[in-house]
Amino acid sequence: MNLDQIIDVLRRDEEFLRNVTLWKEIEPQPARFLPFPEALDPRLISTLQKHGISRLYTHQAEAIRHLLRGENTVVVTPTASGKTLCYNIPVLDAVLKTREARALYLFPTKALSQDQVAELHALIALLGAEIDFDIRSYTFDGDTPVTARKAIRTSGHIVVTNPDMLHTGILPHHTLWVKLFENLRYIVIDEIHNYRGVFGSHFANVLRRLKRICAFYGSQPRFICCSATIANPGDFARYLTGEPLCLVDDNGAPRGRKHFIFYNPPLVNRELGIRRSCVLEAQKVAGKFLGHDVQTIVFARSRMRVEILLTYLKEFMRRIKKPEHLVRGYRGGYLPLERREIEHGLRSGEILGVVSTNALELGIDIGQLQVCIMAGYPGTIASAWQQAGRAGRRSEAALAVLVASSSPLDQFIIHHPDYLFQQSPEAGIINPDNLIVLLSHIKCAAFELPFAFDERFGSRWDGGEGVDSTQEILAYLEENRVVHKAAERWHWMAEVYPAEAISLRSAAEENVVIIDKTTPQERVIGEIDLFAAPLMVHDEAIYMHGSRQYHVDKLDWERRKAYVREVAVDHYTDAQLKSDLRVMDILEEKSIGSHLAGYGEVSVTSVATMYKKIKFGTHENIGWGKINLPESTMHTMAFWYAFPETIHEELGIPQQEFSDGLKAAANVLGHIAPLFIMSDPGDISVLPMMRATLWHKPSLFIWERYPGGVGHSAKLFQIYEEVARAGLELVQGCGCQNGCPSCSGPALEVGESGKLHAVKVLQAMIAW
């Protein structure tokens, strides 16, 4: 059966339809065109016409016109709308008109950069028949052979790389890249919505360093940014680049008919509000398409879910007598060669299905998938549309299914579909001036070029000067013998190479390497960041990779190595983290009657305490164990809301039960908040305290899980009433009696009256 036939069958499937809360058809949209701008080089127009492109989509033509006028531009259109031509055309036009012109392409991942350069090479090859010189484009990343690097530095017209390589491999060695920096005309930044949170805060500082080096060599490149839909694309791009940009967001590309289904797994215990696992339901739904050879992608929220789903789908393929290798997993932690092989298999059709984290959410070309299944809400509207857009990328009909989990966030979305279809997407948030991040990059900048005594790091898009505290930070570095003053300059003096010690993607500077000891020949099978290691690769954990299970024999914390061996067991492990918090500094606070809201700097001490063994298939708890690892302390930012000491009397709640209501309200807010601040649920944590240490009052804290924070706390301080109102609506709308995983948390965790009291606590936050 083809996709249309399967859709017809599903429309008549009563069992399937009982769990569907919304089936929306998005009508096809015809293409809208404009002619090529007259200012383009005729040879480029001729080549594009030979390539089958006789005219441009409206957004492509508009973006190119802005760039030809010398204006920075950000293009915001859906997946597969032809954004690549928005930057390839002006870049090639510049090289045709000035042979020495250079461009720098930045992609958030190596996979995406390698994918996009293939399309660029095809266009350059066609252009070769029209010109009498070679346009050279090269990928420069960790996989680039040393022998090729000199040629790239001196003769590459277009250098394709990623933020990490720019940070560690290009900017610190700018004297080897003189040709690039002296002639740099364009900086292309694709998928800018990906640069939010700590990654975006680091990347904004990398761009500050890049612009500083360009100014030193006398160039002033224009920025070309591309993004999926977010609420503030223009402002976000301006904060990221520090430059004014023209916004192009009127999509002229065609769109095929798309079916979008919201699917809520059935209740298995109505009284407790427990639903069938979204992982099991996603596997069941995916089987309806894989069984009929319809190429399908399944997105899962975590690495663990990817491996569990992959295990189930491989078992399904064996049951229907199809080769299990037709279904593959894809996530961070897989080695690069394995990921490239999977991408190629999807494009060629050799792989029928893939289970992925959001690693495949970006615009990597993985062929013409027809179905996208999301095992749980991805966390943001932008991500949901990106993932749904991976199906039907060539304007044909496609289907996207959102299978909700029992989490409060998923249940809010599944019962409020208008939020996804009518609400403006979330705003991207970054904080380039996070002190820890800023200090790291001022070190790198000082290593690259001396600072003048009156220099401010970075620049503002509205023409303002850079970071006010630049000179104070340099003075602090001098005290620590990192820089020294001489001849009206701050000069680098430390022996260490600063960029190598700074990870752009994690607050932790190190990773834990996972080593397989199944055979005498030890081999590295993956890696994991330092903060996640106590939860994923603690002693006795079951680590999953490529649907294979590995028992963690030992986590060598000091040497950052986890030693594992392959096993075949019927369960996986899930670890728990315990945290304590102290307020260190109040940045902003307001009193609302006897209530108090604020945000500021906090110190959080965390330790992984225990793990549960969860059985495959039934997901029941079959055992537990202790985790013995040292605690870690982090200084970060938090939002808080403090109630008066007599709040239990005001709300009519027995004092001994108020803590249950506070905990239940915290559960709700912790799940709902990411919806409003465009963060991953793992970016924040929530902590209820009956007597907060600073003011000895019942308090709710939402703290950021990155040193120094990235701006989420300040945003929550502004919108906490909106978040509390959404949480209240979720709890009141849930059909359970005493609380469940879909609202305030199960009664076992929050008490029999936790749900009832959570309603009163949330109402109190809104009333004031």
# chains A, B, ... in the order shown; residues from 1 in each chain; ligands from 1
$ residues_around --residues "Ile152 (chain A)" --least-positions-apart "2" --cutoff "9 Å" --atoms "only C-alpha atoms" --output "list of chain:residue names"
A:Arg136, A:Ser137, A:Tyr138, A:Thr139, A:Phe140, A:Ala148, A:Arg149, A:Lys150, A:Thr154, A:Ser155, A:Gly156, A:His157, A:Ile158, A:Val159, A:Trp177
$ residues_around --residues "region 751-764 of chain A" --least-positions-apart "5" --cutoff "8 Å" --atoms "only C-alpha atoms" --output "list in words"
Leu651, Ile653, Glu657, Phe658, Asp660, Gly661, Leu662, Lys663, Ala664, Ala665, Ala724, Arg725, Gly727, Leu728, Val731, Gln732, Asn738, Gly739, Ser744, Gly745 and Pro746 of chain A
$ residues_around --residues "Asn628 (chain A)" --least-positions-apart "2" --cutoff "10 Å" --atoms "only C-alpha atoms" --output "list in words"
Pro534, His538, Asp539, Val607, Ala608, Thr609, Met610, Gly625, Lys626, Pro630 and Glu631 of chain A
$ write_last_selection --atoms "C-alpha atoms" --output "PDB file, in the first residue's frame"
ATOM      1  CA  PRO A 534      26.440  10.179  36.578  1.00  0.00           C
ATOM      2  CA  HIS A 538      27.231   5.136  36.627  1.00  0.00           C
ATOM      3  CA  ASP A 539      28.411   1.797  37.991  1.00  0.00           C
ATOM      4  CA  VAL A 607      24.373  14.332  43.446  1.00  0.00           C
ATOM      5  CA  ALA A 608      23.066  11.217  41.670  1.00  0.00           C
ATOM      6  CA  THR A 609      21.631   9.082  44.474  1.00  0.00           C
ATOM      7  CA  MET A 610      19.978   5.930  43.064  1.00  0.00           C
ATOM      8  CA  GLY A 625      20.512   0.388  43.402  1.00  0.00           C
ATOM      9  CA  LYS A 626      22.603   3.135  44.978  1.00  0.00           C
ATOM     10  CA  PRO A 630      30.863  12.774  44.506  1.00  0.00           C
ATOM     11  CA  GLU A 631      28.444  15.691  44.631  1.00  0.00           C
TER      12      GLU A 631
END
$ atom_distance --atom1 "CA of Ser503 (chain A)" --atom2 "CA of Asp164 (chain A)"
7.9 Å
$ residues_around --residues "Ile672 (chain A)" --least-positions-apart "2" --cutoff "7 Å" --atoms "only C-alpha atoms" --output "JSON list (two decimals) with N, CA and C atoms, in the first residue's frame"
[["chain", "number", "residue", "atom", "x", "y", "z"],
["A", 408, "PRO", "N", 3.14, 16.38, 31.78],
["A", 408, "PRO", "CA", 2.22, 17.51, 31.75],
["A", 408, "PRO", "C", 2.37, 18.37, 30.49],
["A", 409, "LEU", "N", 3.60, 18.56, 30.03],
["A", 409, "LEU", "CA", 3.81, 19.36, 28.82],
["A", 409, "LEU", "C", 3.12, 18.73, 27.62],
["A", 668, "VAL", "N", 4.25, 20.74, 38.00],
["A", 668, "VAL", "CA", 3.53, 21.31, 36.86],
["A", 668, "VAL", "C", 4.37, 22.41, 36.20],
["A", 669, "LEU", "N", 4.87, 23.35, 37.01],
["A", 669, "LEU", "CA", 5.61, 24.49, 36.46],
["A", 669, "LEU", "C", 6.90, 24.02, 35.78],
["A", 670, "GLY", "N", 7.55, 23.03, 36.34],
["A", 670, "GLY", "CA", 8.79, 22.53, 35.74],
["A", 670, "GLY", "C", 8.57, 21.92, 34.36],
["A", 674, "PRO", "N", 9.26, 25.11, 29.99],
["A", 674, "PRO", "CA", 10.02, 25.06, 28.73],
["A", 674, "PRO", "C", 9.20, 25.45, 27.51],
["A", 675, "LEU", "N", 7.88, 25.29, 27.59],
["A", 675, "LEU", "CA", 7.01, 25.64, 26.48],
["A", 675, "LEU", "C", 7.07, 27.13, 26.18],
["A", 723, "VAL", "N", 2.83, 31.41, 32.77],
["A", 723, "VAL", "CA", 3.20, 30.00, 32.95],
["A", 723, "VAL", "C", 2.31, 29.35, 34.00],
["A", 727, "GLY", "N", -0.33, 26.20, 33.69],
["A", 727, "GLY", "CA", -0.25, 25.05, 34.58],
["A", 727, "GLY", "C", -1.56, 24.78, 35.28]]
$ closest_atom_pairs --of "region 319-378 of chain A" --to "region 293-296 of chain A" --cutoff "12 Å" --atoms "only C-alpha atoms" --output "JSON lines"
{"residue": "A:Ile320", "atom": "CA", "partner": "A:Asp293", "partner_atom": "CA", "distance": 11.7}
{"residue": "A:Lys322", "atom": "CA", "partner": "A:Asp293", "partner_atom": "CA", "distance": 10.0}
{"residue": "A:Pro323", "atom": "CA", "partner": "A:Asp293", "partner_atom": "CA", "distance": 11.8}
{"residue": "A:Leu326", "atom": "CA", "partner": "A:Asp293", "partner_atom": "CA", "distance": 9.9}
{"residue": "A:Val327", "atom": "CA", "partner": "A:Thr296", "partner_atom": "CA", "distance": 9.3}
{"residue": "A:Arg328", "atom": "CA", "partner": "A:Thr296", "partner_atom": "CA", "distance": 11.0}
{"residue": "A:Gly345", "atom": "CA", "partner": "A:Gln295", "partner_atom": "CA", "distance": 11.4}
{"residue": "A:Leu346", "atom": "CA", "partner": "A:Gln295", "partner_atom": "CA", "distance": 8.5}
{"residue": "A:Arg347", "atom": "CA", "partner": "A:Gln295", "partner_atom": "CA", "distance": 10.4}
{"residue": "A:Ser348", "atom": "CA", "partner": "A:Gln295", "partner_atom": "CA", "distance": 11.2}
{"residue": "A:Gly349", "atom": "CA", "partner": "A:Gln295", "partner_atom": "CA", "distance": 7.9}
{"residue": "A:Glu350", "atom": "CA", "partner": "A:Gln295", "partner_atom": "CA", "distance": 9.9}
{"residue": "A:Ile351", "atom": "CA", "partner": "A:Gln295", "partner_atom": "CA", "distance": 7.9}
{"residue": "A:Leu352", "atom": "CA", "partner": "A:Gln295", "partner_atom": "CA", "distance": 4.9}
{"residue": "A:Gly353", "atom": "CA", "partner": "A:Thr296", "partner_atom": "CA", "distance": 4.8}
{"residue": "A:Val354", "atom": "CA", "partner": "A:Thr296", "partner_atom": "CA", "distance": 6.7}
{"residue": "A:Val355", "atom": "CA", "partner": "A:Thr296", "partner_atom": "CA", "distance": 8.8}
{"residue": "A:Ser356", "atom": "CA", "partner": "A:Thr296", "partner_atom": "CA", "distance": 11.0}
{"residue": "A:Ile366", "atom": "CA", "partner": "A:Gln295", "partner_atom": "CA", "distance": 10.7}
{"residue": "A:Gly367", "atom": "CA", "partner": "A:Gln295", "partner_atom": "CA", "distance": 9.4}
{"residue": "A:Gln368", "atom": "CA", "partner": "A:Gln295", "partner_atom": "CA", "distance": 8.0}
{"residue": "A:Leu369", "atom": "CA", "partner": "A:Gln295", "partner_atom": "CA", "distance": 5.3}
{"residue": "A:Gln370", "atom": "CA", "partner": "A:Gln295", "partner_atom": "CA", "distance": 5.9}
{"residue": "A:Val371", "atom": "CA", "partner": "A:Thr296", "partner_atom": "CA", "distance": 4.7}
{"residue": "A:Cys372", "atom": "CA", "partner": "A:Thr296", "partner_atom": "CA", "distance": 5.9}
{"residue": "A:Ile373", "atom": "CA", "partner": "A:Thr296", "partner_atom": "CA", "distance": 7.6}
{"residue": "A:Met374", "atom": "CA", "partner": "A:Thr296", "partner_atom": "CA", "distance": 10.8}
$ write_last_selection --atoms "C-alpha atoms" --output "compact mmCIF listing (two decimals), in the first residue's frame"
# COMPACT_ATOMS: atom_id res chain seq x y z
CA ILE A 320 7.02 -9.55 10.01
CA LYS A 322 11.77 -8.25 7.16
CA PRO A 323 15.51 -7.62 7.66
CA LEU A 326 16.28 -1.76 7.47
CA VAL A 327 15.71 0.20 10.70
CA ARG A 328 18.60 2.15 12.22
CA GLY A 345 21.26 4.76 3.42
CA LEU A 346 18.26 7.03 3.95
CA ARG A 347 18.96 9.00 0.77
CA SER A 348 19.42 5.85 -1.31
CA GLY A 349 16.38 4.11 0.17
CA GLU A 350 18.46 1.22 1.55
CA ILE A 351 17.24 2.17 5.03
CA LEU A 352 13.48 2.08 5.48
CA GLY A 353 13.19 3.65 8.92
CA VAL A 354 15.33 5.65 11.32
CA VAL A 355 14.88 6.44 15.01
CA SER A 356 16.61 9.68 15.92
CA ILE A 366 18.03 12.32 4.12
CA GLY A 367 15.87 11.78 1.07
CA GLN A 368 12.13 11.85 0.55
CA LEU A 369 10.70 10.49 3.78
CA GLN A 370 6.92 10.25 3.78
CA VAL A 371 6.06 9.86 7.45
CA CYS A 372 7.33 11.53 10.63
CA ILE A 373 6.36 10.19 14.05
CA MET A 374 7.26 12.17 17.17
$ closest_residue --among "A:Pro698, A:Gly389, A:Gly197, A:Gly376" --to "Glu361 (chain A)" --atoms "only C-alpha atoms"
A:Gly389
$ residues_around --residues "Asn162 (chain A)" --least-positions-apart "4" --cutoff "10 Å" --atoms "only C-alpha atoms" --output "list in words"
Leu104, Tyr105, Leu106, Phe107, Pro108, Thr109, Lys110, Ala111, Leu112, Ser113, Thr139, Phe140, Asp141, Gly142, Leu166, His167 and Ile189 of chain A
$ select_by_dssp --residues "region 137-198 of chain A" --states "strand (DSSP E or B)" --output "list in words"
Ser137, Tyr138, Thr139, Ile158, Val159, Val160, Thr161, Leu184, Arg185, Tyr186, Ile187, Val188 and Ile189 of chain A
$ closest_residue --among "A:Arg255, A:His635, A:His545, A:Lys517" --to "Leu310 (chain A)" --atoms "only C-alpha atoms"
A:His545
$ residues_around --residues "Ile124 (chain A)" --least-positions-apart "5" --cutoff "12 Å" --atoms "only C-alpha atoms" --output "ChimeraX atom specification"
/A:43-44,47-48,51,88-89,91-93,95-96,117-119,129-131,133-138,157-158
$ residues_around --residues "region 474-490 of chain A" --least-positions-apart "4" --cutoff "9 Å" --atoms "only C-alpha atoms" --output "list of chain:residue names"
A:Leu439, A:Ile442, A:Lys443, A:Ala446, A:Phe447, A:Pro450, A:Phe451, A:Ala452, A:Phe453, A:Asp454, A:Ser469, A:Thr470, A:Ala494, A:Glu495
$ write_last_selection --atoms "C-alpha atoms" --output "PDB file, in the first residue's frame"
ATOM      1  CA  LEU A 439      35.431  35.446  30.473  1.00  0.00           C
ATOM      2  CA  ILE A 442      37.850  37.312  26.237  1.00  0.00           C
ATOM      3  CA  LYS A 443      40.736  34.962  27.085  1.00  0.00           C
ATOM      4  CA  ALA A 446      43.363  38.154  23.966  1.00  0.00           C
ATOM      5  CA  PHE A 447      45.302  35.111  22.736  1.00  0.00           C
ATOM      6  CA  PRO A 450      46.086  42.113  22.026  1.00  0.00           C
ATOM      7  CA  PHE A 451      43.345  44.298  23.543  1.00  0.00           C
ATOM      8  CA  ALA A 452      43.683  48.092  23.502  1.00  0.00           C
ATOM      9  CA  PHE A 453      43.328  49.868  26.874  1.00  0.00           C
ATOM     10  CA  ASP A 454      40.046  51.471  25.799  1.00  0.00           C
ATOM     11  CA  SER A 469      33.119  45.256  31.775  1.00  0.00           C
ATOM     12  CA  THR A 470      35.834  44.331  29.215  1.00  0.00           C
ATOM     13  CA  ALA A 494      49.867  32.302  29.806  1.00  0.00           C
ATOM     14  CA  GLU A 495      51.366  29.159  28.323  1.00  0.00           C
TER      15      GLU A 495
END
$ select_by_dssp --residues "region 525-667 of chain A" --states "alpha helix (DSSP H)" --output "number ranges by chain"
A: 533-536, 647-650, 655-667
$ write_last_selection --atoms "N, CA and C atoms" --output "short mmCIF file (atom, residue, chain, number, x, y, z; two decimals), in the first residue's frame"
data_model
loop_
_atom_site.label_atom_id
_atom_site.label_comp_id
_atom_site.auth_asym_id
_atom_site.auth_seq_id
_atom_site.Cartn_x
_atom_site.Cartn_y
_atom_site.Cartn_z
N ALA A 533 26.93 12.08 32.66
CA ALA A 533 27.58 10.80 32.95
C ALA A 533 27.08 10.13 34.23
N PRO A 534 26.92 10.86 35.36
CA PRO A 534 26.44 10.18 36.58
C PRO A 534 25.06 9.54 36.42
N LEU A 535 24.25 10.05 35.48
CA LEU A 535 22.91 9.51 35.27
C LEU A 535 22.90 8.37 34.25
N MET A 536 23.84 8.38 33.30
CA MET A 536 23.79 7.44 32.18
C MET A 536 24.81 6.31 32.28
N ILE A 647 0.75 31.07 54.35
CA ILE A 647 0.01 30.79 53.11
C ILE A 647 -0.94 29.61 53.28
N HIS A 648 -0.56 28.59 54.07
CA HIS A 648 -1.43 27.43 54.23
C HIS A 648 -2.74 27.81 54.90
N GLU A 649 -2.68 28.78 55.84
CA GLU A 649 -3.91 29.24 56.49
C GLU A 649 -4.77 30.03 55.51
N GLU A 650 -4.13 30.90 54.71
CA GLU A 650 -4.87 31.71 53.74
C GLU A 650 -5.58 30.85 52.71
N GLN A 655 -1.34 22.45 57.44
CA GLN A 655 0.09 22.73 57.27
C GLN A 655 0.87 21.50 56.84
N GLN A 656 0.51 20.32 57.38
CA GLN A 656 1.26 19.11 57.04
C GLN A 656 1.03 18.67 55.61
N GLU A 657 -0.04 19.19 54.96
CA GLU A 657 -0.33 18.82 53.57
C GLU A 657 0.14 19.87 52.57
N PHE A 658 0.50 21.06 53.07
CA PHE A 658 0.87 22.13 52.14
C PHE A 658 2.10 21.76 51.31
N SER A 659 3.03 21.02 51.92
CA SER A 659 4.24 20.66 51.18
C SER A 659 3.91 19.80 49.97
N ASP A 660 2.86 18.96 50.07
CA ASP A 660 2.44 18.16 48.92
C ASP A 660 1.93 19.06 47.79
N GLY A 661 1.13 20.08 48.16
CA GLY A 661 0.62 21.01 47.15
C GLY A 661 1.74 21.81 46.50
N LEU A 662 2.74 22.19 47.30
CA LEU A 662 3.87 22.95 46.77
C LEU A 662 4.68 22.09 45.80
N LYS A 663 4.89 20.83 46.18
CA LYS A 663 5.63 19.91 45.31
C LYS A 663 4.87 19.65 44.02
N ALA A 664 3.54 19.47 44.13
CA ALA A 664 2.72 19.22 42.95
C ALA A 664 2.74 20.42 42.01
N ALA A 665 2.62 21.63 42.57
CA ALA A 665 2.68 22.85 41.75
C ALA A 665 4.03 22.97 41.06
N ALA A 666 5.11 22.62 41.79
CA ALA A 666 6.46 22.67 41.21
C ALA A 666 6.57 21.70 40.04
N ASN A 667 6.00 20.50 40.19
CA ASN A 667 6.03 19.52 39.09
C ASN A 667 5.40 20.11 37.83
#
$ atom_distance --atom1 "CA of Leu171 (chain A)" --atom2 "CA of Gln220 (chain A)"
16.0 Å
$ atom_distance --atom1 "CA of Leu309 (chain A)" --atom2 "CA of Ala359 (chain A)"
15.8 Å
$ closest_residue --among "A:Gln29, A:Thr241, A:Ser302, A:Asn194" --to "Arg208 (chain A)" --atoms "only C-alpha atoms"
A:Thr241
